[in-house]
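All remarks here apply to the structure that follows.
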Amino acid sequence: MKETLNRWFKNVVYCYTHCFTFRGRDCRQVYCDFYIFLFVIGLLAAIGVWMLYRQKPEFPRMLQIYTLMTLSMAAMWTCFASCSATIRRGHDLDMSFWETWFRGKFFGIFFNHHLCRTEGSSRPNRFGPAPEENCPFTSSNDISFPDVWNG
């Protein structure tokens with residue numbers, strides 16, 4: 001369980017730190033871990049905004065505005081990270097930027113499910129080396145990263 005959580009955390013950090021990298025390929029595990037994170041965070045943010053707008057008198061209006069501004073900036077960063085992760089995952093399936101963008105726009109969540117379920121090619125393609133060689137945080141290809149769960 002600890003190894004799974006550590007890998008999951010590393011994959012999410014990888015996607016956020018590579019939010020402006022549209023070249024190369026991402027393995028399926030990185031993409032799925034990131035989208036599970038986005039689902040959980042989106043759910044928590046929706047609950048938080050709902051609670052914020054219940055208009056309790058003891059909750060100052062300026063604090064509501066600052067909270068929404070902070071959430072908006074985080075949402076923009078997440079949008080860039082999500083787009084770049086989707087493009088890199090599309091590259092793993094040998095789809096160009098435009099093909100990935102078109103399919104993502106018209107098929108939405110079904111396309112994300114397709115990207116999570118479909119195994120990429122095991123050979124190098126026009127976008128880079130095979131994902132096994134490029135997957136940053138799997139058990140066989142781990143890097144030295146501070147262990148978050150040991151304090």
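Naming works like this for the structure tokens: A, B, ... for the chains as they're shown, residue 1 at the start of each chain, ligands 1 onward in shown order.
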Residues at most 7 Å from A:Cys19, counting only C-alpha atoms, excluding those fewer than 3 positions away in the same chain, as a CSV table (one decimal) with N, CA and C atoms, in the first residue's frame?
```csv
chain,number,residue,atom,x,y,z
A,15,CYS,N,3.4,14.9,-13.4
A,15,CYS,CA,2.5,15.5,-14.4
A,15,CYS,C,2.4,17.0,-14.1
A,16,TYR,N,2.4,17.4,-12.9
A,16,TYR,CA,2.4,18.9,-12.6
A,16,TYR,C,3.7,19.6,-12.9
A,80,PHE,N,-3.5,23.0,-17.7
A,80,PHE,CA,-2.3,22.8,-18.5
A,80,PHE,C,-1.7,21.4,-18.2
A,81,ALA,N,-1.6,21.0,-17.0
A,81,ALA,CA,-1.0,19.7,-16.7
A,81,ALA,C,-1.9,18.6,-17.3
A,84,SER,N,-1.3,18.5,-21.2
A,84,SER,CA,0.0,18.0,-21.6
A,84,SER,C,0.1,16.5,-21.3
```
request  = Please identify all polymer residues within 7 Å of stretch 115-131 of chain A, counting only C-alpha atoms, omitting same-chain residues fewer than 6 positions from it, and present them as an NGL selection string.
outcome  = :A and (24-28 or 31-32 or 89 or 91-94)
task = Mind giving me the straight-line distance from atom CA of A:Tyr53 to atom CA of A:Ala74 in Å, one decimal?
result = 18.7 Å
task = Considering only C-alpha atoms, return as a PyMOL selection string whatever protein or nucleic-acid residues lie within 12 Å of stretch 40-45 of chain A, sequence-local ones (same chain, fewer than 2 positions apart) excluded.
result = chain A and resi 12+33-38+47-52+67-68+70-72+74-75+78-79
ask   = When distances are computed from only C-alpha atoms, which of A:Lys105, A:His113, A:His18, A:Lys2 shows the smallest separation from A:Trp77?
value =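 Counting only C-alpha atoms, the residue closest to A:Trp77 is A:His18.
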request  = Tell me which protein, DNA and RNA residues are within 12 Å of A:Arg103, counting only C-alpha atoms, leaving out same-chain ones fewer than 4 positions away, and put them as a list in words.
outcome  = Thr86, Ile87, Gly90, Met95, Ser96, Phe97, Trp98, Glu99, Phe107, Gly108, Ile109, Phe110, Phe111, Asn112, His113, His114 and Leu115 of chain A
Can those selected residues be exported to a file as a tab-separated table (two decimals), in the first residue's frame so that it contains N, CA and C atoms?
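Okay, again.tsv is ready:
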```tsv
chain	number	residue	atom	x	y	z
A	86	THR	N	-2.45	14.40	-21.42
A	86	THR	CA	-3.28	13.77	-22.44
A	86	THR	C	-2.56	13.72	-23.77
A	87	ILE	N	-1.87	14.79	-24.14
A	87	ILE	CA	-1.13	14.81	-25.40
A	87	ILE	C	-0.01	13.78	-25.37
A	90	GLY	N	-1.47	10.40	-25.70
A	90	GLY	CA	-1.86	10.19	-27.10
A	90	GLY	C	-0.65	9.86	-27.96
A	95	MET	N	-0.75	8.93	-31.73
A	95	MET	CA	-1.67	9.95	-32.20
A	95	MET	C	-0.98	11.30	-32.14
A	96	SER	N	-1.21	12.11	-33.15
A	96	SER	CA	-0.61	13.44	-33.17
A	96	SER	C	-1.34	14.35	-32.17
A	97	PHE	N	-0.81	15.55	-31.99
A	97	PHE	CA	-1.43	16.54	-31.11
A	97	PHE	C	-2.86	16.81	-31.55
A	98	TRP	N	-3.03	17.07	-32.85
A	98	TRP	CA	-4.35	17.44	-33.35
A	98	TRP	C	-5.34	16.28	-33.27
A	99	GLU	N	-4.88	15.09	-33.54
A	99	GLU	CA	-5.76	13.93	-33.44
A	99	GLU	C	-6.20	13.71	-31.99
A	107	PHE	N	-15.13	13.39	-27.71
A	107	PHE	CA	-15.50	12.19	-26.98
A	107	PHE	C	-15.29	12.32	-25.47
A	108	GLY	N	-14.66	13.38	-25.02
A	108	GLY	CA	-14.54	13.73	-23.61
A	108	GLY	C	-14.09	12.61	-22.70
A	109	ILE	N	-14.91	12.33	-21.70
A	109	ILE	CA	-14.55	11.36	-20.66
A	109	ILE	C	-14.38	9.96	-21.23
A	110	PHE	N	-15.08	9.66	-22.31
A	110	PHE	CA	-14.92	8.36	-22.94
A	110	PHE	C	-13.52	8.21	-23.54
A	111	PHE	N	-12.99	9.31	-24.06
A	111	PHE	CA	-11.64	9.28	-24.61
A	111	PHE	C	-10.61	9.12	-23.50
A	112	ASN	N	-10.82	9.78	-22.36
A	112	ASN	CA	-9.92	9.60	-21.21
A	112	ASN	C	-9.94	8.16	-20.74
A	113	HIS	N	-11.12	7.56	-20.72
A	113	HIS	CA	-11.22	6.14	-20.35
A	113	HIS	C	-10.47	5.27	-21.36
A	114	HIS	N	-10.58	5.61	-22.63
A	114	HIS	CA	-9.85	4.88	-23.68
A	114	HIS	C	-8.34	5.00	-23.47
A	115	LEU	N	-7.88	6.18	-23.13
A	115	LEU	CA	-6.44	6.37	-22.91
A	115	LEU	C	-5.95	5.59	-21.69
```
ask   = What is the distance, in Å and to one decimal place, between atom CA of A:Glu3 and atom CA of A:Phe39?
value = 21.0 Å
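Atom CA of A:Thr4 lies 24.3 Å from atom CA of A:Cys83.
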request  = List every residue of chain A that DSSP, applied to the backbone of this structure, assigns to helix (DSSP H, G or I), and report them as an MDAnalysis selection string.
outcome  = chainID A and resid 2:17 28:52 61:92 97:117 131:134 148:150
Convert the current residue selection to file output with C-alpha atoms, as a short mmCIF file (atom, residue, chain, number, x, y, z; two decimals), in the first residue's frame.
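Written out: result01.cif:
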```
data_model
loop_
_atom_site.label_atom_id
_atom_site.label_comp_id
_atom_site.auth_asym_id
_atom_site.auth_seq_id
_atom_site.Cartn_x
_atom_site.Cartn_y
_atom_site.Cartn_z
CA LYS A 2 2.81 2.40 0.91
CA GLU A 3 4.62 1.74 -2.38
CA THR A 4 1.41 2.32 -4.33
CA LEU A 5 0.73 5.64 -2.60
CA ASN A 6 4.33 6.73 -3.07
CA ARG A 7 4.22 5.85 -6.80
CA TRP A 8 0.87 7.61 -7.15
CA PHE A 9 2.23 10.75 -5.48
CA LYS A 10 5.35 10.73 -7.69
CA ASN A 11 3.25 10.34 -10.85
CA VAL A 12 1.04 13.27 -9.90
CA VAL A 13 4.07 15.44 -9.11
CA TYR A 14 5.62 14.39 -12.44
CA CYS A 15 2.51 15.50 -14.36
CA TYR A 16 2.40 18.86 -12.59
CA THR A 17 6.12 19.53 -13.06
CA ARG A 28 -0.47 4.34 -19.03
CA GLN A 29 0.24 4.18 -15.28
CA VAL A 30 1.29 7.85 -15.07
CA TYR A 31 -1.79 8.95 -16.97
CA CYS A 32 -4.23 6.85 -14.92
CA ASP A 33 -2.73 7.91 -11.59
CA PHE A 34 -3.00 11.56 -12.60
CA TYR A 35 -6.62 11.28 -13.70
CA ILE A 36 -7.63 9.47 -10.51
CA PHE A 37 -6.05 12.39 -8.65
CA LEU A 38 -7.96 14.90 -10.81
CA PHE A 39 -11.25 13.12 -10.12
CA VAL A 40 -10.69 13.17 -6.35
CA ILE A 41 -9.52 16.80 -6.31
CA GLY A 42 -12.40 17.88 -8.55
CA LEU A 43 -14.88 16.22 -6.23
CA LEU A 44 -13.33 17.88 -3.17
CA ALA A 45 -13.23 21.27 -4.92
CA ALA A 46 -16.91 20.98 -5.89
CA ILE A 47 -17.85 20.18 -2.31
CA GLY A 48 -15.68 23.07 -1.09
CA VAL A 49 -17.25 25.58 -3.49
CA TRP A 50 -20.71 24.36 -2.56
CA MET A 51 -19.91 24.89 1.12
CA LEU A 52 -18.37 28.27 0.34
CA ARG A 61 -17.17 37.91 1.63
CA MET A 62 -13.51 38.84 0.95
CA LEU A 63 -12.38 35.42 2.12
CA GLN A 64 -14.82 33.88 -0.38
CA ILE A 65 -13.32 35.98 -3.17
CA TYR A 66 -9.71 35.12 -2.25
CA THR A 67 -10.60 31.43 -1.99
CA LEU A 68 -12.20 31.45 -5.43
CA MET A 69 -9.20 33.30 -6.91
CA THR A 70 -6.84 30.69 -5.46
CA LEU A 71 -9.01 27.85 -6.75
CA SER A 72 -9.09 29.48 -10.21
CA MET A 73 -5.29 29.71 -10.38
CA ALA A 74 -4.96 26.09 -9.29
CA ALA A 75 -7.54 25.10 -11.89
CA MET A 76 -5.55 26.82 -14.65
CA TRP A 77 -2.36 25.01 -13.65
CA THR A 78 -4.29 21.73 -13.51
CA CYS A 79 -5.75 22.41 -16.95
CA PHE A 80 -2.26 22.80 -18.45
CA ALA A 81 -1.05 19.66 -16.69
CA SER A 82 -4.10 17.72 -17.85
CA CYS A 83 -3.70 18.83 -21.47
CA SER A 84 -0.01 17.98 -21.61
CA ALA A 85 -0.53 14.57 -19.95
CA THR A 86 -3.28 13.77 -22.44
CA ILE A 87 -1.13 14.81 -25.40
CA ARG A 88 1.84 12.74 -24.18
CA ARG A 89 -0.43 9.74 -23.59
CA GLY A 90 -1.86 10.19 -27.10
CA HIS A 91 1.71 10.17 -28.40
CA ASP A 92 2.16 6.78 -26.74
CA PHE A 97 -1.43 16.54 -31.11
CA TRP A 98 -4.35 17.44 -33.35
CA GLU A 99 -5.76 13.93 -33.44
CA THR A 100 -5.61 13.73 -29.63
CA TRP A 101 -7.16 17.19 -29.27
CA PHE A 102 -9.98 16.38 -31.72
CA ARG A 103 -10.84 13.07 -30.05
CA GLY A 104 -10.64 14.63 -26.58
CA LYS A 105 -12.97 17.48 -27.54
CA PHE A 106 -15.63 15.31 -29.14
CA PHE A 107 -15.50 12.19 -26.98
CA GLY A 108 -14.54 13.73 -23.61
CA ILE A 109 -14.55 11.36 -20.66
CA PHE A 110 -14.92 8.36 -22.94
CA PHE A 111 -11.64 9.28 -24.61
CA ASN A 112 -9.92 9.60 -21.21
CA HIS A 113 -11.22 6.14 -20.35
CA HIS A 114 -9.85 4.88 -23.68
CA LEU A 115 -6.44 6.37 -22.91
CA CYS A 116 -6.42 4.67 -19.49
CA ARG A 117 -7.50 1.28 -20.86
CA PRO A 131 6.94 3.91 -22.57
CA GLU A 132 8.77 1.26 -20.51
CA GLU A 133 11.93 3.23 -21.20
CA ASN A 134 10.16 6.54 -20.57
CA VAL A 148 7.00 11.20 1.60
CA TRP A 149 5.41 8.59 3.79
CA ASN A 150 8.32 8.18 6.24
#
```
